[in-house]
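**Q** Compact mmCIF, C-alpha atoms, saved as target23.txt, coming up:
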```
# COMPACT_ATOMS: atom_id res chain seq x y z
CA MET A 1 70.73 195.96 79.65
CA LYS A 2 73.23 198.82 79.78
CA MET A 3 72.44 202.23 78.36
CA GLU A 4 74.54 203.58 75.50
CA GLU A 5 77.36 205.92 76.44
CA GLY A 6 75.63 208.76 74.61
CA SER A 7 72.66 208.88 76.92
CA VAL A 8 74.88 209.00 80.00
CA SER A 9 76.66 212.11 78.85
CA SER A 10 73.50 213.86 77.74
CA LEU A 11 71.79 213.33 81.07
CA ASP A 12 72.73 215.55 83.91
CA ASN A 13 71.65 215.19 87.47
CA SER A 14 68.72 217.54 87.15
CA LYS A 15 67.07 215.31 84.59
CA LEU A 16 67.59 212.27 86.78
CA GLU A 17 66.20 214.23 89.68
CA GLY A 18 63.21 215.22 87.58
CA MET A 19 62.65 211.58 86.79
CA ALA A 20 62.85 210.66 90.42
CA GLN A 21 60.27 213.31 91.27
CA ASP A 22 57.98 212.02 88.55
CA ILE A 23 58.24 208.50 89.87
CA LEU A 24 57.48 209.75 93.36
CA SER A 25 54.42 211.62 92.11
CA GLU A 26 53.15 208.51 90.44
CA LEU A 27 53.61 206.52 93.62
CA VAL A 28 51.83 209.11 95.75
CA GLU A 29 49.00 209.32 93.23
CA ASP A 30 48.75 205.56 93.35
CA ALA A 31 48.56 205.60 97.13
CA CYS A 32 45.80 208.23 97.07
CA LEU A 33 43.78 206.30 94.52
CA GLY A 34 44.23 203.15 96.54
CA LEU A 35 42.84 204.92 99.57
CA CYS A 36 39.86 206.23 97.59
CA PHE A 37 38.98 202.77 96.38
CA GLU A 38 39.37 201.34 99.85
CA VAL A 39 37.13 204.01 101.38
CA HIS A 40 34.55 203.76 98.62
CA ARG A 41 34.29 200.02 99.06
CA ALA A 42 33.97 200.43 102.81
CA VAL A 43 31.18 202.95 102.32
CA LYS A 44 29.26 200.80 99.89
CA GLN A 45 29.70 197.66 101.94
CA GLY A 46 28.59 199.50 105.00
CA TYR A 47 31.58 199.17 107.30
CA PHE A 48 33.16 202.57 106.94
CA PHE A 49 31.63 204.15 110.04
CA LEU A 50 31.91 201.06 112.22
CA ASP A 51 34.82 202.34 114.30
CA ASP A 52 33.07 205.54 115.32
CA THR A 53 32.26 205.88 118.99
CA ASP A 54 30.66 208.75 120.85
CA GLN A 55 32.64 210.98 123.15
CA GLU A 56 30.94 209.61 126.24
CA SER A 57 32.14 206.04 125.96
CA MET A 58 35.55 207.20 124.78
CA ARG A 59 36.01 208.97 128.09
CA ASP A 60 35.55 205.71 129.97
CA PHE A 61 38.69 204.30 128.41
CA GLU A 62 40.99 207.27 128.60
CA ILE A 63 44.53 206.62 129.75
CA VAL A 64 44.87 207.06 133.51
CA ASP A 65 47.85 209.13 134.57
CA GLN A 66 47.89 209.09 138.36
CA PRO A 67 50.64 208.04 140.72
CA GLY A 68 50.29 204.56 142.07
CA LEU A 69 48.01 203.47 139.22
CA ASP A 70 48.72 201.86 135.88
CA VAL A 71 47.21 203.19 132.64
CA PHE A 72 44.03 201.20 133.24
CA GLY A 73 43.52 202.72 136.67
CA GLN A 74 44.39 199.56 138.53
CA VAL A 75 46.60 199.54 141.59
CA TYR A 76 49.74 197.69 140.66
CA ASN A 77 51.73 197.46 143.87
CA GLN A 78 48.94 196.37 146.16
CA TRP A 79 50.73 193.18 147.07
CA LYS A 80 53.84 194.92 148.32
CA ASN A 81 52.73 194.96 151.92
CA LYS A 82 50.38 192.01 151.98
CA GLU A 83 51.04 189.02 154.12
CA CYS A 84 50.07 185.43 153.47
CA VAL A 85 49.57 182.64 155.94
CA CYS A 86 51.59 179.58 155.06
CA PRO A 87 49.32 176.51 155.00
CA ASN A 88 52.15 174.36 156.18
CA CYS A 89 53.73 176.09 159.14
CA SER A 90 50.92 178.63 159.74
CA ARG A 91 53.31 181.53 159.81
CA SER A 92 52.58 184.92 158.34
CA ILE A 93 54.95 185.52 155.41
CA ALA A 94 55.43 188.63 153.27
CA ALA A 95 53.87 188.20 149.81
CA SER A 96 57.10 188.69 147.91
CA ARG A 97 58.85 186.06 150.02
CA PHE A 98 55.95 183.66 149.92
CA ALA A 99 56.99 181.49 146.99
CA PRO A 100 60.55 180.89 148.16
CA HIS A 101 59.26 180.20 151.66
CA LEU A 102 56.80 177.62 150.34
CA GLU A 103 59.59 175.97 148.42
CA LYS A 104 61.55 175.33 151.56
CA CYS A 105 58.60 174.79 153.84
CA LEU A 106 57.07 172.05 151.69
CA GLY A 107 60.40 170.51 150.86
CA MET A 108 60.15 171.21 147.13
CA GLY A 109 62.35 173.23 144.82
CA ARG A 110 65.99 172.82 143.91
CA ASN A 111 67.61 173.83 147.15
CA SER A 112 65.33 171.93 149.45
CA SER A 113 66.71 168.56 148.48
CA ARG A 114 70.25 169.89 148.89
CA ILE A 115 69.44 171.16 152.36
CA ALA A 116 67.83 167.88 153.20
CA ASN A 117 70.83 165.91 151.95
CA ARG A 118 73.19 168.09 153.94
CA ARG A 119 71.12 167.61 157.02
CA ILE A 120 71.26 163.88 156.57
CA VAL A 121 75.03 164.01 156.24
CA THR A 122 75.71 166.38 159.10
CA GLY A 123 72.92 164.84 161.19
CA ASN A 124 74.81 161.56 161.14
CA ASN A 125 77.96 163.15 162.51
CA THR A 126 76.67 165.72 164.98
CA ASN A 127 73.49 166.67 166.79
CA ASN A 128 70.51 168.28 165.05
CA LYS A 129 70.83 171.68 166.73
CA SER A 130 74.23 172.58 165.31
CA GLU A 131 73.09 172.14 161.69
CA SER A 132 71.52 175.55 161.46
CA ASP A 133 74.91 177.29 161.48
CA GLN A 134 76.27 175.39 158.50
CA GLU A 135 73.40 176.16 156.19
CA ASP A 136 73.36 179.93 156.39
CA ASN A 137 74.83 180.43 152.94
CA ASP A 138 71.94 178.57 151.38
CA ASP A 139 69.37 181.01 152.61
CA VAL A 140 71.16 184.33 152.68
CA ASN A 141 68.18 185.99 150.97
CA ASP A 142 65.56 184.15 152.91
CA ASN A 143 65.12 186.15 156.07
CA ASP A 144 61.96 184.48 157.29
CA TRP A 145 63.25 180.98 157.68
CA SER A 146 64.52 179.36 160.84
CA TYR A 147 65.49 175.75 161.00
CA GLY A 148 62.81 173.98 162.86
CA ALA A 149 63.21 170.32 162.09
CA GLU A 150 60.63 170.06 159.39
CA LYS A 151 60.96 166.96 157.25
CA LYS A 152 58.41 166.10 154.62
CA ALA A 153 57.71 162.72 153.16
CA LYS A 154 59.29 162.30 149.73
CA LYS A 155 57.06 163.24 146.88
CA ARG A 156 57.58 162.88 143.17
CA LYS A 157 58.93 166.04 141.52
CA SER A 158 56.02 166.58 139.15
CA ASP A 159 53.48 166.45 141.97
CA LYS A 160 55.55 168.88 143.98
CA VAL A 161 55.79 171.43 141.19
CA ASN A 162 52.06 171.21 140.51
CA ILE A 163 51.18 171.70 144.15
CA LEU A 164 53.57 174.61 144.51
CA LEU A 165 52.19 176.39 141.47
CA THR A 166 48.58 175.75 142.42
CA LEU A 167 49.08 177.10 145.92
CA CYS A 168 50.73 180.28 144.70
CA CYS A 169 47.99 180.86 142.17
CA CYS A 170 45.29 180.29 144.76
CA TYR A 171 46.81 182.80 147.12
CA CYS A 172 47.24 185.33 144.36
CA TYR A 173 43.63 184.98 143.25
CA PHE A 174 42.48 185.10 146.84
CA PHE A 175 44.04 188.47 147.34
CA TYR A 176 43.04 189.73 143.94
CA PHE A 177 39.37 189.04 144.46
CA ASN A 178 39.47 190.29 147.99
CA GLU A 179 40.18 193.74 146.65
CA MET B 1 63.77 214.75 74.18
CA ASN B 2 63.40 211.48 72.43
CA LYS B 3 66.33 209.97 74.27
CA GLU B 4 64.95 211.16 77.54
CA SER B 5 61.51 209.73 77.05
CA ARG B 6 63.03 206.48 75.86
CA LEU B 7 65.16 206.36 78.97
CA LYS B 8 62.13 207.13 81.09
CA ALA B 9 60.20 204.31 79.48
CA THR B 10 63.07 201.91 80.04
CA ILE B 11 63.40 202.95 83.65
CA ASN B 12 59.71 202.43 84.25
CA GLN B 13 59.91 199.06 82.65
CA ARG B 14 62.84 198.05 84.82
CA LEU B 15 61.10 199.32 87.91
CA THR B 16 58.22 197.01 87.23
CA GLU B 17 60.24 194.07 86.00
CA LEU B 18 62.56 193.98 88.98
CA GLY B 19 59.72 194.30 91.45
CA GLU B 20 61.07 197.57 92.72
CA ARG B 21 57.87 199.43 91.92
CA GLU B 22 55.84 197.08 94.10
CA ARG B 23 58.37 197.39 96.91
CA LEU B 24 58.31 201.17 96.67
CA LYS B 25 54.50 201.16 96.71
CA GLU B 26 54.46 199.01 99.82
CA LEU B 27 57.08 201.15 101.49
CA LEU B 28 55.13 204.30 100.74
CA ARG B 29 51.89 202.80 102.02
CA ALA B 30 53.56 201.66 105.22
CA LYS B 31 55.22 205.02 105.82
CA LEU B 32 52.00 206.92 105.17
CA THR B 33 50.10 204.77 107.62
CA GLU B 34 52.84 205.11 110.23
CA CYS B 35 52.93 208.88 110.10
CA GLY B 36 49.15 209.22 110.39
CA TRP B 37 48.54 210.40 106.84
CA LYS B 38 46.06 207.62 106.23
CA ASP B 39 44.05 208.50 109.33
CA GLN B 40 44.08 212.16 108.38
CA MET B 41 42.83 211.35 104.90
CA LYS B 42 40.17 209.00 106.26
CA ALA B 43 38.88 211.78 108.48
CA HIS B 44 38.70 214.04 105.44
CA CYS B 45 36.85 211.28 103.59
CA LYS B 46 34.28 211.17 106.37
CA GLU B 47 33.58 214.85 105.87
CA VAL B 48 33.19 214.40 102.13
CA ILE B 49 30.86 211.46 102.63
CA ARG B 50 28.72 213.32 105.12
CA GLU B 51 28.53 216.14 102.64
CA LYS B 52 27.62 214.09 99.60
CA GLY B 53 25.48 211.59 101.41
CA LEU B 54 26.40 208.02 102.23
CA GLU B 55 24.25 206.51 99.50
CA HIS B 56 25.31 208.81 96.70
CA VAL B 57 29.04 209.20 97.04
CA THR B 58 30.99 207.92 94.06
CA VAL B 59 34.61 207.06 93.48
CA GLU B 60 34.90 210.17 91.39
CA ASP B 61 33.75 212.34 94.27
CA LEU B 62 36.35 210.87 96.53
CA VAL B 63 39.15 211.06 94.00
CA VAL B 64 38.43 214.69 93.22
CA GLU B 65 38.25 215.69 96.86
CA ILE B 66 40.98 213.50 98.29
CA THR B 67 43.81 213.40 95.80
CA PRO B 68 44.94 217.03 95.88
CA LYS B 69 44.85 217.14 99.65
CA GLY B 70 46.56 213.77 99.85
CA ARG B 71 49.38 214.88 97.63
CA ALA B 72 49.92 217.98 99.70
CA LEU B 73 49.84 216.27 103.06
CA VAL B 74 52.60 213.73 102.46
CA PRO B 75 55.27 214.53 105.04
CA ASP B 76 58.66 215.67 103.81
CA SER B 77 60.47 212.90 105.65
CA VAL B 78 58.48 210.30 103.76
CA LYS B 79 59.14 212.03 100.46
CA LYS B 80 62.85 212.20 101.27
CA GLU B 81 63.10 208.53 102.07
CA LEU B 82 61.26 207.47 98.94
CA LEU B 83 63.33 209.79 96.79
CA GLN B 84 66.51 208.33 98.24
CA ARG B 85 65.50 204.87 97.20
CA ILE B 86 64.41 206.00 93.78
CA ARG B 87 67.65 207.87 93.23
CA ALA B 88 69.63 204.82 94.26
CA PHE B 89 67.68 202.75 91.79
CA LEU B 90 68.26 205.28 89.02
CA ALA B 91 71.95 205.46 89.83
CA GLN B 92 72.18 201.74 89.47
CA HIS B 93 70.07 201.30 86.36
CA ALA B 94 70.31 204.52 84.40
CA ALA B 95 74.06 204.98 84.32
```
Turn the structure described in the file into C-alpha cells.
**A**
Amino acid sequence: MKMEEGSVSSLDNSKLEGMAQDILSELVEDACLGLCFEVHRAVKQGYFFLDDTDQESMRDFEIVDQPGLDVFGQVYNQWKNKECVCPNCSRSIAASRFAPHLEKCLGMGRNSSRIANRRIVTGNNTNNKSESDQEDNDDVNDNDWSYGAEKKAKKRKSDKVNILLTLCCCYCYFFYFNE
Amino acid sequence: MNKESRLKATINQRLTELGERERLKELLRAKLTECGWKDQMKAHCKEVIREKGLEHVTVEDLVVEITPKGRALVPDSVKKELLQRIRAFLAQHAA
C-alpha cells in the first residue's frame, strides 16, 4: 500500500520525527503500564517481597576479592604442589602429572599400546635395556617416567578407561575432602 | 492536518499488522531490563507499596506514581536505539 505522491511532498522530516517520538512515547508508556500490572499482581498474589533478604545474610555471600582465592573464597590452586602415590608402582607423582603417569603405568591410554608394540618389536631384535633410548620422543613431556620393565596383562579398552577415570576421581576427592 | 493524522493512523496500522509493534515492545522491554531500569522502578514500587500499605495499594496508585518517573528514567541510549528502528520503519513505509 503506497502513499500518494502528495503526502510525501507535504511531509518533511520534522513531522516524521514527531511521529517517531510519538510512537516511542506510546511504547514507553506501554512498558510502564506493563510493569505496574506485573507489580500489582505480584503484590496481590503475595510474591512481591519474596526476594528480599536482610543485610546480614547478604554479607555472607559477598564476592571475595583476595589473591589466591576465587570469588567464593575457595582456594583454587591447592593441588599445584600436591603429590599422589601411584597405586601401581608406589611412586610419589606430582598431581598435575598424575593422570598421564597412570596412563603409562597401568598400560592404558593411546600411547601405551604403541610403546608396548614398539617394545615387542625392538625386544625381538635387541636386548631389553637398550629400548629406553629409542622411546624418548614418546615421553618428552613425561619427566617422571623411567622404563622399568612393567608389562600389564591385556585388558579390554572399556574396562581400562573406567578404571583410569575412577582412580583419578578417587584421588581428587581424597585430596578435596582432606582439606 | 487531516493528511497527517491519516498517515499516522495508517502507520500505526502497519506497525501492528506487520508485527513490528510487538517486536519493538519486546526490544524495549529487553533493553530496559538490561540497563537496570526495571530494577530501579521495582525499588520505587516497593517504596510506594510501603507507603500505601500492602493490602490497599491499587493499580491506579502504582500507575500514578510510577509512570512519570518511568518515562523520565529511560536511558538515552535505549531511546536512541528504539528511535533508529522506528525511523527505519517509517522510512520504509511512509515514503
**Q** Do you know which residues are at most 9 Å from stretch 44-57 of chain A counting all atoms listed in the file, after dropping those on the same chain fewer than 3 positions away, and could you put them as a PDB file with C-alpha atoms, in the coordinates of the input?
**A**
```pdb
ATOM      1  CA  VAL A  39      37.130 204.010 101.380  1.00  0.00           C
ATOM      2  CA  HIS A  40      34.550 203.760  98.620  1.00  0.00           C
ATOM      3  CA  ARG A  41      34.290 200.020  99.060  1.00  0.00           C
ATOM      4  CA  ASP A  60      35.550 205.710 129.970  1.00  0.00           C
ATOM      5  CA  PHE A  61      38.690 204.300 128.410  1.00  0.00           C
TER       6      PHE A  61
ATOM      7  CA  LYS B  46      34.280 211.170 106.370  1.00  0.00           C
ATOM      8  CA  LEU B  54      26.400 208.020 102.230  1.00  0.00           C
ATOM      9  CA  GLU B  55      24.250 206.510  99.500  1.00  0.00           C
ATOM     10  CA  VAL B  57      29.040 209.200  97.040  1.00  0.00           C
TER      11      VAL B  57
END
```
**Q** What is the atom CA of A:Cys89-atom CA of A:Phe175 distance in Å, reported with one decimal?
**A**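 Going from atom CA of A:Cys89 over to atom CA of A:Phe175, I get 19.7 Å.
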**Q** For the atom pair atom CA of B:Glu81 and atom CA of B:Lys38, what is the interatomic distance in Å to one decimal place?
**A**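 Going from atom CA of B:Glu81 over to atom CA of B:Lys38, I get 17.6 Å.
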**Q** Figure out the distance between atom CA of A:Gly109 and atom CA of A:Gly123, please, to one decimal in Å.
**A**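 Going from atom CA of A:Gly123 over to atom CA of A:Gly109 covers 21.2 Å.
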**Q** Do a neighbour search on stretch 98-106 of chain A at 7 Å with all atoms listed in the file, toss out local chain neighbours closer than 4 positions, and write the hits as a PDB file with C-alpha atoms, in the frame of the given file.
**A**
```
ATOM      1  CA  ASN A  88      52.150 174.360 156.180  1.00  0.00           C
ATOM      2  CA  ILE A  93      54.950 185.520 155.410  1.00  0.00           C
ATOM      3  CA  ALA A  94      55.430 188.630 153.270  1.00  0.00           C
ATOM      4  CA  SER A 112      65.330 171.930 149.450  1.00  0.00           C
ATOM      5  CA  LYS A 152      58.410 166.100 154.620  1.00  0.00           C
ATOM      6  CA  CYS A 168      50.730 180.280 144.700  1.00  0.00           C
TER       7      CYS A 168
END
```
**Q** Just checking: using only C-alpha atoms, which residue out of A:Asp65, A:Asp22, A:Asp70, A:Glu83 ends up closest to B:Leu83?
**A** A:Asp22
**Q** Name the residues in contact with B:Arg29 at a cut-off of 12 Å, using all atoms listed in the file, excluding same-chain residues fewer than 6 positions from it; report them as a list in words.
**A**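 Near neighbours after the sequence-gap exclusion: Leu27, Val28, Glu29, Asp30, Ala31, Cys32, Leu33, Gly34 and Leu35 of chain A; Glu22, Arg23, Cys35, Gly36, Trp37, Lys38, Val74, Val78, Lys79 and Leu82 of chain B.
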**Q** Just write the chosen residues, C-alpha atoms, as a PDB file, keeping the file's coordinate frame.
**A**
```pdb
ATOM      1  CA  LEU A  27      53.610 206.520  93.620  1.00  0.00           C
ATOM      2  CA  VAL A  28      51.830 209.110  95.750  1.00  0.00           C
ATOM      3  CA  GLU A  29      49.000 209.320  93.230  1.00  0.00           C
ATOM      4  CA  ASP A  30      48.750 205.560  93.350  1.00  0.00           C
ATOM      5  CA  ALA A  31      48.560 205.600  97.130  1.00  0.00           C
ATOM      6  CA  CYS A  32      45.800 208.230  97.070  1.00  0.00           C
ATOM      7  CA  LEU A  33      43.780 206.300  94.520  1.00  0.00           C
ATOM      8  CA  GLY A  34      44.230 203.150  96.540  1.00  0.00           C
ATOM      9  CA  LEU A  35      42.840 204.920  99.570  1.00  0.00           C
TER      10      LEU A  35
ATOM     11  CA  GLU B  22      55.840 197.080  94.100  1.00  0.00           C
ATOM     12  CA  ARG B  23      58.370 197.390  96.910  1.00  0.00           C
ATOM     13  CA  CYS B  35      52.930 208.880 110.100  1.00  0.00           C
ATOM     14  CA  GLY B  36      49.150 209.220 110.390  1.00  0.00           C
ATOM     15  CA  TRP B  37      48.540 210.400 106.840  1.00  0.00           C
ATOM     16  CA  LYS B  38      46.060 207.620 106.230  1.00  0.00           C
ATOM     17  CA  VAL B  74      52.600 213.730 102.460  1.00  0.00           C
ATOM     18  CA  VAL B  78      58.480 210.300 103.760  1.00  0.00           C
ATOM     19  CA  LYS B  79      59.140 212.030 100.460  1.00  0.00           C
ATOM     20  CA  LEU B  82      61.260 207.470  98.940  1.00  0.00           C
TER      21      LEU B  82
END
```
**Q** Which residue out of A:Gly18, A:Val71, A:Ile23, A:Asp12 has the minimum interatomic distance to B:Lys25 when only C-alpha atoms are used?
**A**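 Of all the options, A:Ile23 lies closest to B:Lys25.
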